[in-house]
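See below for data-v9.txt, which holds compact mmCIF, C-alpha atoms and all ligand atoms.
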# COMPACT_ATOMS: atom_id res chain seq x y z
CA MET A 3 -20.85 -19.78 20.88
CA ASN A 4 -21.22 -22.75 18.55
CA SER A 5 -18.05 -24.16 17.06
CA LYS A 6 -19.07 -23.34 13.48
CA LEU A 7 -19.38 -19.63 14.33
CA CYS A 8 -16.15 -19.81 16.27
CA ASP A 9 -14.31 -21.27 13.25
CA ASP A 10 -15.90 -18.75 10.89
CA LEU A 11 -14.88 -15.78 13.04
CA CYS A 12 -11.31 -17.06 13.45
CA ALA A 13 -10.71 -18.08 9.82
CA PRO A 14 -7.80 -16.36 8.07
CA PHE A 15 -8.78 -13.17 6.22
CA SER A 16 -9.65 -13.69 2.56
CA ILE A 17 -7.78 -11.88 -0.21
CA GLU A 18 -10.68 -9.40 -0.46
CA GLU A 19 -10.69 -8.77 3.28
CA VAL A 20 -6.93 -8.17 3.32
CA ALA A 21 -7.27 -5.81 0.35
CA ALA A 22 -9.87 -3.77 2.25
CA ILE A 23 -7.68 -3.62 5.38
CA VAL A 24 -4.71 -2.40 3.31
CA ARG A 25 -6.91 0.16 1.51
CA TRP A 26 -8.20 1.57 4.80
CA ARG A 27 -4.72 1.71 6.22
CA ARG A 28 -3.27 3.53 3.20
CA HIS A 29 -6.04 6.12 3.22
CA LEU A 30 -5.56 6.74 6.94
CA HIS A 31 -1.79 6.88 6.49
CA ALA A 32 -2.10 9.56 3.83
CA GLU A 33 -4.39 11.72 6.00
CA PRO A 34 -2.81 11.79 9.47
CA GLU A 35 -4.13 14.01 12.23
CA LEU A 36 -2.64 15.00 15.57
CA SER A 37 -3.89 13.98 19.01
CA LEU A 38 -7.49 14.98 19.78
CA CYS A 39 -7.80 16.65 16.33
CA GLU A 40 -8.76 13.41 14.52
CA THR A 41 -11.96 14.77 12.96
CA ASP A 42 -11.38 13.56 9.37
CA THR A 43 -10.10 10.24 10.71
CA GLN A 44 -13.22 9.93 12.85
CA ALA A 45 -15.43 10.68 9.84
CA PHE A 46 -13.62 8.09 7.70
CA VAL A 47 -13.85 5.37 10.35
CA ARG A 48 -17.49 6.27 11.02
CA THR A 49 -18.38 5.87 7.34
CA ALA A 50 -16.46 2.59 7.05
CA LEU A 51 -18.32 1.20 10.08
CA GLN A 52 -21.68 2.45 8.82
CA ASP A 53 -21.02 0.82 5.45
CA MET A 54 -20.65 -2.48 7.33
CA GLY A 55 -24.03 -1.87 8.99
CA TRP A 56 -22.76 -0.82 12.42
CA GLN A 57 -24.02 2.22 14.29
CA PRO A 58 -20.92 4.01 15.58
CA GLN A 59 -21.22 6.66 18.27
CA ASP A 60 -18.78 9.46 18.97
CA VAL A 61 -17.03 8.91 22.29
CA GLY A 62 -14.24 10.95 23.87
CA GLY A 63 -14.43 13.83 21.39
CA THR A 64 -12.86 12.52 18.20
CA GLY A 65 -13.14 8.84 19.11
CA LEU A 66 -15.83 6.30 18.22
CA ALA A 67 -17.24 3.09 19.57
CA ILE A 68 -19.63 0.40 18.41
CA ALA A 69 -21.57 -2.10 20.48
CA VAL A 70 -21.34 -5.55 18.90
CA GLY A 71 -23.49 -8.57 19.64
CA HIS A 72 -26.85 -9.06 21.32
CA GLY A 73 -25.99 -11.53 24.03
CA SER A 74 -25.85 -10.95 27.75
CA GLY A 75 -22.98 -11.49 30.12
CA PRO A 76 -19.45 -10.15 30.16
CA THR A 77 -18.25 -7.58 27.67
CA LEU A 78 -14.83 -7.48 26.01
CA LEU A 79 -13.33 -4.20 24.79
CA LEU A 80 -11.16 -4.17 21.66
CA ARG A 81 -9.28 -0.90 21.20
CA ALA A 82 -7.32 0.82 18.44
CA ASP A 83 -5.74 4.25 18.71
CA MET A 84 -6.11 6.89 16.01
CA ASP A 85 -3.61 9.74 16.25
CA ALA A 86 -0.50 10.69 14.32
CA LEU A 87 2.59 12.70 15.24
CA PRO A 88 3.98 16.15 14.38
CA ILE A 89 6.66 14.71 12.07
CA GLU A 90 7.42 15.48 8.41
CA GLU A 91 7.24 12.11 6.63
CA GLN A 92 10.33 11.01 4.68
CA THR A 93 9.35 7.49 3.59
CA GLY A 94 8.75 8.27 -0.08
CA LEU A 95 5.75 5.88 -0.08
CA ASP A 96 3.02 6.33 -2.73
CA PHE A 97 0.52 6.85 0.07
CA ALA A 98 2.78 9.03 2.24
CA SER A 99 1.22 11.80 4.30
CA ARG A 100 -0.53 14.51 2.33
CA ARG A 101 -0.50 16.76 5.39
CA ALA A 102 2.60 18.84 6.02
CA GLY A 103 4.29 18.15 9.32
CA GLN A 104 1.96 15.29 10.28
CA MET A 105 2.70 11.60 9.98
CA HIS A 106 1.45 8.23 11.17
CA ALA A 107 4.93 7.40 12.48
CA CYS A 108 3.77 5.09 15.27
CA GLY A 109 1.52 2.78 13.25
CA HIS A 110 -1.84 3.85 14.66
CA ASP A 111 -3.12 3.84 11.05
CA ALA A 112 -2.38 0.10 11.05
CA HIS A 113 -4.20 -0.36 14.37
CA MET A 114 -7.36 1.27 13.02
CA ALA A 115 -7.17 -0.86 9.85
CA CYS A 116 -6.78 -4.05 11.92
CA LEU A 117 -9.83 -3.17 14.03
CA LEU A 118 -11.86 -2.24 10.95
CA GLY A 119 -10.95 -5.68 9.59
CA VAL A 120 -12.27 -7.21 12.83
CA ALA A 121 -15.45 -5.11 12.59
CA ALA A 122 -15.98 -6.18 8.97
CA ARG A 123 -15.58 -9.86 9.85
CA LEU A 124 -17.99 -9.57 12.78
CA ALA A 125 -20.51 -7.75 10.56
CA LYS A 126 -20.79 -10.80 8.29
CA TYR A 127 -22.20 -12.82 11.18
CA ARG A 128 -24.15 -10.00 12.87
CA ASP A 129 -27.33 -11.99 13.45
CA GLN A 130 -25.47 -14.84 15.16
CA LEU A 131 -23.35 -12.84 17.63
CA ASP A 132 -24.71 -14.08 20.93
CA PHE A 133 -22.11 -12.27 23.04
CA ARG A 134 -20.91 -8.74 23.75
CA LEU A 135 -18.01 -6.77 22.41
CA VAL A 136 -17.22 -3.08 22.34
CA LEU A 137 -14.92 -1.89 19.57
CA ALA A 138 -13.30 1.44 20.42
CA PHE A 139 -11.35 3.78 18.18
CA GLN A 140 -9.48 5.96 20.63
CA PRO A 141 -8.12 9.43 19.89
CA GLY A 142 -5.19 11.11 21.60
CA GLU A 143 -2.89 8.23 22.56
CA GLU A 144 0.34 10.11 21.91
CA ASN A 145 -0.58 12.88 24.36
CA GLY A 146 -1.93 10.38 26.89
CA ARG A 147 -5.40 11.96 27.07
CA GLY A 148 -7.67 9.91 24.81
CA ALA A 149 -8.22 6.81 26.94
CA VAL A 150 -9.18 8.94 29.92
CA ALA A 151 -11.54 11.02 27.76
CA MET A 152 -13.31 7.84 26.60
CA ILE A 153 -13.49 6.43 30.14
CA GLU A 154 -14.95 9.72 31.38
CA GLN A 155 -17.68 9.37 28.78
CA GLY A 156 -18.57 5.94 30.09
CA LEU A 157 -16.70 3.63 27.71
CA LEU A 158 -16.05 1.09 30.48
CA SER A 159 -19.34 1.54 32.38
CA GLY A 160 -21.60 1.20 29.34
CA GLY A 161 -22.73 4.78 29.87
CA TRP A 162 -21.53 5.77 26.39
CA CYS A 163 -24.32 3.72 24.78
CA GLY A 164 -26.86 4.14 27.56
CA ASP A 165 -26.68 0.45 28.50
CA LEU A 166 -25.10 -0.05 31.90
CA THR A 167 -25.29 -3.81 31.53
CA ARG A 168 -22.65 -3.45 28.84
CA GLN A 169 -19.99 -2.77 31.45
CA VAL A 170 -16.56 -3.78 30.14
CA THR A 171 -15.13 -6.89 31.83
CA ALA A 172 -11.78 -7.20 30.03
CA ALA A 173 -9.81 -5.48 27.27
CA LEU A 174 -7.47 -6.21 24.39
CA GLY A 175 -5.25 -3.81 22.46
CA LEU A 176 -2.40 -4.20 20.03
CA HIS A 177 0.57 -2.26 18.76
CA VAL A 178 2.50 -3.03 15.60
CA TRP A 179 6.18 -3.07 16.48
CA SER A 180 9.01 -2.41 14.03
CA GLY A 181 11.57 -3.92 16.40
CA LEU A 182 9.95 -7.33 15.87
CA PRO A 183 10.02 -8.99 12.44
CA VAL A 184 6.69 -9.76 10.76
CA GLY A 185 5.35 -13.07 12.05
CA HIS A 186 6.56 -12.42 15.59
CA ILE A 187 4.13 -11.67 18.39
CA SER A 188 4.81 -10.57 21.92
CA ALA A 189 2.36 -10.93 24.79
CA THR A 190 4.06 -10.38 28.14
CA ALA A 191 2.46 -10.64 31.57
CA GLY A 192 2.97 -7.94 34.18
CA PRO A 193 4.32 -4.42 33.67
CA ILE A 194 5.23 -3.98 30.01
CA MET A 195 5.22 -0.23 29.44
CA ALA A 196 6.34 2.52 31.76
CA ASN A 197 5.03 5.32 33.90
CA VAL A 198 5.58 8.45 31.82
CA ASP A 199 6.35 11.66 33.70
CA ASP A 200 7.18 15.10 32.39
CA PHE A 201 9.37 17.61 34.21
CA LYS A 202 10.54 21.18 33.83
CA ILE A 203 13.37 22.67 35.86
CA ILE A 204 14.18 26.38 35.82
CA VAL A 205 17.70 27.05 37.05
CA ARG A 206 18.01 30.65 38.24
CA GLY A 207 21.33 32.44 38.69
CA ARG A 208 22.27 36.10 38.30
CA GLY A 209 23.13 37.46 34.89
CA GLY A 210 26.25 39.44 34.17
CA HIS A 211 29.17 40.17 31.89
CA GLY A 212 30.77 37.15 30.23
CA ALA A 213 34.20 38.42 31.27
CA LEU A 214 33.27 39.03 34.93
CA PRO A 215 31.94 35.69 36.23
CA HIS A 216 32.82 36.55 39.83
CA GLN A 217 30.08 39.21 39.77
CA ALA A 218 27.41 36.81 38.48
CA ILE A 219 25.88 33.39 39.14
CA ASP A 220 26.14 31.37 35.96
CA ALA A 221 22.91 29.46 35.30
CA VAL A 222 24.52 27.56 32.39
CA VAL A 223 27.21 26.01 34.59
CA ALA A 224 24.66 25.26 37.32
CA ALA A 225 22.24 23.69 34.80
CA SER A 226 25.07 21.51 33.42
CA ALA A 227 25.64 20.23 36.94
CA VAL A 228 21.91 19.50 37.28
CA VAL A 229 21.91 17.42 34.07
CA GLN A 230 24.85 15.35 35.33
CA ALA A 231 23.39 14.96 38.81
CA LEU A 232 20.10 13.65 37.38
CA GLN A 233 21.99 10.78 35.75
CA ALA A 234 23.75 10.03 39.04
CA MET A 235 20.28 9.95 40.65
CA VAL A 236 19.47 7.01 38.36
CA SER A 237 22.72 5.17 38.98
CA ARG A 238 23.30 5.98 42.69
CA GLN A 239 19.97 6.76 44.33
CA ASN A 240 17.65 4.35 42.55
CA ASN A 241 17.63 0.63 43.35
CA PRO A 242 19.40 -0.97 40.35
CA LEU A 243 16.71 -3.67 40.25
CA GLU A 244 14.08 -0.99 39.50
CA PRO A 245 14.10 0.16 35.86
CA LEU A 246 14.42 3.94 35.61
CA VAL A 247 15.24 6.34 32.79
CA VAL A 248 15.73 10.07 33.19
CA THR A 249 16.14 11.96 29.94
CA VAL A 250 16.72 15.69 29.67
CA GLY A 251 15.32 16.31 26.22
CA SER A 252 15.70 20.06 25.96
CA ILE A 253 17.91 22.74 27.44
CA HIS A 254 17.50 26.45 26.73
CA GLY A 255 19.28 29.41 28.21
CA GLY A 256 21.34 32.46 27.45
CA SER A 257 21.15 35.02 24.69
CA ALA A 258 24.67 36.07 23.66
CA PHE A 259 28.26 34.81 23.64
CA ASN A 260 29.48 37.44 26.09
CA VAL A 261 26.60 37.40 28.56
CA ILE A 262 26.29 35.12 31.57
CA ALA A 263 22.82 33.59 31.47
CA GLU A 264 20.47 34.33 34.33
CA THR A 265 18.12 31.39 33.73
CA VAL A 266 18.20 28.03 31.97
CA GLU A 267 15.16 25.86 31.35
CA LEU A 268 15.52 22.07 31.28
CA ARG A 269 12.70 19.81 30.14
CA GLY A 270 12.69 16.06 30.32
CA THR A 271 10.95 12.82 31.10
CA CYS A 272 11.24 10.09 33.74
CA ARG A 273 10.23 6.50 32.93
CA SER A 274 9.72 3.82 35.54
CA PHE A 275 7.67 0.66 36.13
CA GLY A 276 7.14 0.50 39.87
CA ARG A 277 4.59 2.63 41.68
CA GLN A 278 6.92 3.15 44.63
CA VAL A 279 9.74 4.54 42.54
CA ALA A 280 7.28 6.66 40.56
CA ASP A 281 5.96 8.13 43.79
CA GLN A 282 9.48 9.03 44.95
CA LEU A 283 10.63 10.61 41.69
CA PRO A 284 9.19 14.13 42.13
CA SER A 285 10.99 14.64 45.44
CA TRP A 286 14.21 12.96 44.23
CA LEU A 287 14.26 15.17 41.17
CA ARG A 288 13.54 18.33 43.13
CA SER A 289 16.16 17.73 45.82
CA THR A 290 18.79 16.65 43.26
CA ALA A 291 18.22 19.77 41.16
CA VAL A 292 18.12 22.12 44.14
CA ARG A 293 21.36 20.72 45.60
CA ALA A 294 23.27 20.54 42.30
CA ALA A 295 22.28 24.09 41.37
CA GLY A 296 22.89 25.25 44.94
CA ALA A 297 26.53 24.14 44.76
CA TYR A 298 26.97 26.98 42.23
CA GLY A 299 24.89 29.48 44.17
CA ALA A 300 21.90 29.05 41.84
CA LYS A 301 18.32 28.06 42.60
CA ALA A 302 16.17 25.44 40.90
CA ASP A 303 12.38 25.39 40.59
CA CYS A 304 10.78 22.14 39.46
CA GLU A 305 7.43 21.29 37.92
CA TYR A 306 6.62 17.61 37.82
CA THR A 307 3.64 16.07 35.98
CA ARG A 308 2.60 12.41 36.01
CA TYR A 309 1.54 11.73 32.46
CA THR A 310 0.62 8.10 31.78
CA VAL A 311 0.63 5.27 34.30
CA ALA A 312 2.55 2.04 33.70
CA LEU A 313 0.75 -0.60 31.66
CA HIS A 314 0.29 -3.92 33.44
CA ASN A 315 -0.89 -6.93 31.47
CA ASP A 316 -3.04 -9.44 33.30
CA ALA A 317 -1.22 -12.79 33.44
CA HIS A 318 -4.19 -14.84 32.25
CA MET A 319 -5.07 -12.44 29.42
CA ALA A 320 -1.44 -12.40 28.24
CA GLN A 321 -1.32 -16.20 28.31
CA LEU A 322 -4.57 -16.37 26.35
CA VAL A 323 -3.19 -14.09 23.61
CA ALA A 324 0.12 -15.99 23.50
CA GLN A 325 -1.74 -19.30 23.15
CA CYS A 326 -3.89 -17.99 20.31
CA ALA A 327 -0.83 -16.55 18.55
CA GLY A 328 0.92 -19.91 18.86
CA GLN A 329 -1.92 -21.55 16.92
CA MET A 330 -1.67 -19.19 13.94
CA PRO A 331 0.13 -20.60 10.87
CA ASN A 332 1.39 -17.11 9.94
CA VAL A 333 3.03 -16.59 13.36
CA ALA A 334 6.58 -17.92 13.68
CA THR A 335 7.46 -16.96 17.25
CA VAL A 336 5.61 -15.87 20.34
CA ASP A 337 7.63 -13.89 22.82
CA THR A 338 6.49 -13.46 26.42
CA GLU A 339 9.32 -11.23 27.65
CA LEU A 340 9.21 -7.95 25.72
CA ARG A 341 8.86 -4.83 27.89
CA MET A 342 9.82 -1.28 27.13
CA MET A 343 10.12 2.10 28.82
CA ALA A 344 7.83 3.82 26.32
CA GLY A 345 4.35 4.79 27.52
CA GLU A 346 0.89 3.76 26.37
CA ASP A 347 -2.42 5.09 27.63
CA PHE A 348 -4.14 1.73 27.11
CA ALA A 349 -2.78 1.49 30.68
CA TYR A 350 -5.90 3.34 31.89
CA PHE A 351 -8.12 0.51 30.62
CA ALA A 352 -5.73 -2.11 32.06
CA GLU A 353 -5.91 -0.33 35.42
CA GLN A 354 -9.65 -0.99 35.59
CA VAL A 355 -10.12 -4.42 33.99
CA PRO A 356 -7.92 -7.45 33.22
CA ALA A 357 -6.28 -6.64 29.92
CA CYS A 358 -3.60 -7.61 27.46
CA PHE A 359 -1.76 -5.22 25.18
CA PHE A 360 0.24 -7.23 22.66
CA PHE A 361 2.86 -6.42 20.04
CA VAL A 362 2.59 -7.49 16.42
CA GLY A 363 5.90 -7.56 14.54
CA CYS A 364 5.90 -5.24 11.51
CA GLY A 365 9.65 -4.98 10.96
CA LEU A 366 12.34 -6.45 8.75
CA ALA A 367 13.83 -9.85 9.60
CA ASP A 368 17.33 -8.40 10.10
CA GLY A 369 16.13 -5.90 12.71
CA SER A 370 17.16 -2.90 10.60
CA SER A 371 13.71 -1.27 10.55
CA GLU A 372 13.45 2.36 11.55
CA PRO A 373 12.12 2.89 15.06
CA HIS A 374 8.66 4.23 15.83
CA HIS A 375 8.43 8.06 15.72
CA SER A 376 11.12 8.18 13.00
CA PRO A 377 10.27 10.17 9.82
CA ARG A 378 11.26 7.02 7.90
CA PHE A 379 9.16 4.60 9.97
CA VAL A 380 7.35 2.05 7.79
CA VAL A 381 4.98 -0.82 8.53
CA ASP A 382 5.25 -4.11 6.63
CA GLU A 383 1.60 -4.55 5.70
CA ALA A 384 1.86 -8.32 6.09
CA ALA A 385 1.47 -7.53 9.78
CA LEU A 386 -2.08 -6.19 9.31
CA PRO A 387 -3.98 -9.45 8.79
CA ILE A 388 -1.91 -11.05 11.56
CA GLY A 389 -2.92 -8.32 14.00
CA GLY A 390 -6.59 -8.46 13.05
CA GLU A 391 -6.70 -12.24 13.07
CA LEU A 392 -5.03 -12.49 16.47
CA MET A 393 -7.47 -9.93 17.87
CA LEU A 394 -10.38 -12.04 16.59
CA ARG A 395 -8.95 -15.32 17.86
CA ALA A 396 -8.15 -13.92 21.30
CA ALA A 397 -11.59 -12.31 21.55
CA VAL A 398 -13.37 -15.53 20.58
CA LYS A 399 -11.30 -17.57 23.04
CA TRP A 400 -12.03 -15.09 25.83
CA LEU A 401 -15.76 -15.14 25.04
CA GLN A 402 -15.79 -18.95 25.05
CA GLU A 403 -14.10 -19.02 28.45
CA ALA A 404 -16.52 -16.43 29.78
CA GLU A 405 -19.61 -18.39 28.73
ZN ZN A 501 3.91 6.55 19.56
ZN ZN A 502 1.89 4.14 19.40

Mind turning the file's structure into structure tokens?
Amino acid sequence: MNSKLCDDLCAPFSIEEVAAIVRWRRHLHAEPELSLCETDTQAFVRTALQDMGWQPQDVGGTGLAIAVGHGSGPTLLLRADMDALPIEEQTGLDFASRRAGQMHACGHDAHMACLLGVAARLAKYRDQLDFRLVLAFQPGEENGRGAVAMIEQGLLSGGWCGDLTRQVTAALGLHVWSGLPVGHISATAGPIMANVDDFKIIVRGRGGHGALPHQAIDAVVAASAVVQALQAMVSRQNNPLEPLVVTVGSIHGGSAFNVIAETVELRGTCRSFGRQVADQLPSWLRSTAVRAAGAYGAKADCEYTRYTVALHNDAHMAQLVAQCAGQMPNVATVDTELRMMAGEDFAYFAEQVPACFFFVGCGLADGSSEPHHSPRFVVDEAALPIGGELMLRAAVKWLQEAE
């Protein structure tokens, strides 16, 4: 790539470009759709890409991808996710959700807008793009299914566009992050987001009269013991140097004040980084629940589902993103330490190719921003051009290295 093209692609977004990015984002924010139901979102993104002169193809159901550039050689994937959450928005913004009970409360509207900004910039130099990129708009991140659906349709192999030479070599993705102030970037090497597992435990006792506990087996008391024992599993059974979270998020049982419940259902999630600990968790959970319930004469049946694998950033890719961020005048700090126990299905791309998933601060300087998935979650839109620009810079740097 000649240095003139390189400079042109990496130049800060113009006022008009930023205005378009903000406009796209606000439209998408107002019309959120849940995981794998992103049909209107898909149509909007498709039209925006077509207006730029690209030829988007549907991939992974409600997702889309475009093939960019006419060069040969390695291919870099740039990915944005598309879905919203089943949350009633309470931000009071002018462009707040127009769809009851649905909200872009994780910032995926911002991710799509950033990637559309990247697509628009690339479109201006279409005839000169002597390299290969794939831009992917991925559905269903929040339910952990969309990345896999796109991979199954050949997103990484090139099968999606019928060109197997366009096999993806590396990948970049971003997430706006309200816990980081605007102007802060994080690109951390190694495991940065957790294995996400889902469990259900049914504690079974024997129902009876609330006044005659000696004739029954109380599933509520037994389930309470299970909840406590699961926390002791984290603190006593797990190696303290291995991050692990066990959260029981729901507990349901019983039907009346004077009836001893026969069954109680617990649902929860385990979060870990290491593969070894993740592999042990189903049997730890099962034996802990069975023993704790058994102490009260009750039984416990467990269902355990591995949901999303941990996301590992490639050390070189993370360093490349951090270096590019450090060169941006609108970036104040570059962190290389941030990790979290949340999940992210970009992990399925990072499992197959060297990848970096980086965080773009979109929060207030004093750290008082609402967390992601809150009904009052807001994105400072100053983060949008930073995210798009860093994506472009990192992509260009990677392509230069790959030449
Ligand atoms: Zn989320
Ligand atoms: Zn998210």

* To do: Output the neighbourhood of ligand ZN 501 (chain A) as a ChimeraX atom specification, that is, all protein and nucleic acid residues with some atom at most 10 Å from the ligand, counting only C-alpha atoms and all ligand atoms.
  => /A:83,85-87,106-110,143-145,177,344-346,374-376

* Best match for closeness to Met105 (chain A) among A:Met319, A:Val380, A:Met54, A:Leu176, counting all atoms listed in the file -> A:Val380

Listed atoms of region 207-220 of chain A boxed axis-aligned with 6 Å per side, centre + edges as AutoDock Vina command-line options:
--center_x 27.8 --center_y 35.8 --center_z 35.0 --size_x 24.9 --size_y 20.8 --size_z 21.6

Applying 7 Å and all atoms listed in the file, which residues near Val355 (chain A) remain after dropping the ones on its own chain fewer than 5 positions away? List them as a PDB file with C-alpha atoms, in the frame of the given file.
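Written output follows (out-v2.pdb):
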ATOM      1  CA  THR A 171     -15.130  -6.890  31.830  1.00  0.00           C
ATOM      2  CA  ALA A 172     -11.780  -7.200  30.030  1.00  0.00           C
ATOM      3  CA  ALA A 173      -9.810  -5.480  27.270  1.00  0.00           C
TER       4      ALA A 173
END

* **Nearby residues (all atoms listed in the file) at most 7 Å from Val61 (chain A), same-chain spacing under 4 positions excluded, as a PyMOL selection string** => chain A and resi 65-67+152+155+162

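CA of Ala258 (chain A) is positioned 10.2 Å from CA of His211 (chain A).
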
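Across the model, the gap from CA of Ile204 (chain A) to CA of Gly256 (chain A) is 12.6 Å.
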
* Identify which of the residues A:Gly73, A:Pro58, A:Gly210, A:Pro141 lies closest to Asp42 (chain A), counting all atoms listed in the file when measuring atom-to-atom distances. =>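 Closest to Asp42 (chain A) of all the choices is A:Pro141.
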
Taking only N, CA and C atoms, show region 384-402 of chain A of the given structure as a compact mmCIF listing (two decimals), in the first residue's frame.
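Saved result, decode35.txt, follows:
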# COMPACT_ATOMS: atom_id res chain seq x y z
N ALA A 384 -18.78 10.93 21.23
CA ALA A 384 -17.40 11.28 20.88
C ALA A 384 -16.55 10.02 20.70
N ALA A 385 -17.05 8.91 21.26
CA ALA A 385 -16.32 7.64 21.13
C ALA A 385 -16.41 7.07 19.72
N LEU A 386 -17.43 7.46 18.96
CA LEU A 386 -17.68 6.80 17.67
C LEU A 386 -16.55 7.03 16.66
N PRO A 387 -16.16 8.30 16.41
CA PRO A 387 -15.05 8.47 15.47
C PRO A 387 -13.75 7.85 15.98
N ILE A 388 -13.57 7.81 17.29
CA ILE A 388 -12.34 7.20 17.83
C ILE A 388 -12.33 5.71 17.50
N GLY A 389 -13.47 5.06 17.70
CA GLY A 389 -13.55 3.62 17.42
C GLY A 389 -13.32 3.32 15.95
N GLY A 390 -13.98 4.09 15.09
CA GLY A 390 -13.84 3.87 13.65
C GLY A 390 -12.42 4.14 13.17
N GLU A 391 -11.86 5.24 13.68
CA GLU A 391 -10.52 5.62 13.26
C GLU A 391 -9.47 4.59 13.71
N LEU A 392 -9.65 4.09 14.93
CA LEU A 392 -8.68 3.10 15.42
C LEU A 392 -8.81 1.79 14.62
N MET A 393 -10.03 1.44 14.26
CA MET A 393 -10.23 0.25 13.44
C MET A 393 -9.49 0.42 12.11
N LEU A 394 -9.63 1.59 11.49
CA LEU A 394 -8.96 1.85 10.21
C LEU A 394 -7.44 1.81 10.36
N ARG A 395 -6.94 2.51 11.38
CA ARG A 395 -5.49 2.56 11.57
C ARG A 395 -4.91 1.18 11.82
N ALA A 396 -5.59 0.40 12.69
CA ALA A 396 -5.08 -0.93 13.01
C ALA A 396 -5.13 -1.84 11.77
N ALA A 397 -6.20 -1.70 11.00
CA ALA A 397 -6.33 -2.51 9.78
C ALA A 397 -5.21 -2.17 8.80
N VAL A 398 -4.98 -0.88 8.60
CA VAL A 398 -3.95 -0.46 7.64
C VAL A 398 -2.57 -0.94 8.10
N LYS A 399 -2.31 -0.82 9.40
CA LYS A 399 -1.00 -1.25 9.92
C LYS A 399 -0.83 -2.77 9.72
N TRP A 400 -1.90 -3.50 9.99
CA TRP A 400 -1.82 -4.96 9.82
C TRP A 400 -1.58 -5.31 8.36
N LEU A 401 -2.28 -4.63 7.45
CA LEU A 401 -2.12 -4.90 6.02
C LEU A 401 -0.71 -4.56 5.55
N GLN A 402 -0.16 -3.48 6.08
CA GLN A 402 1.22 -3.11 5.71
C GLN A 402 2.20 -4.18 6.15
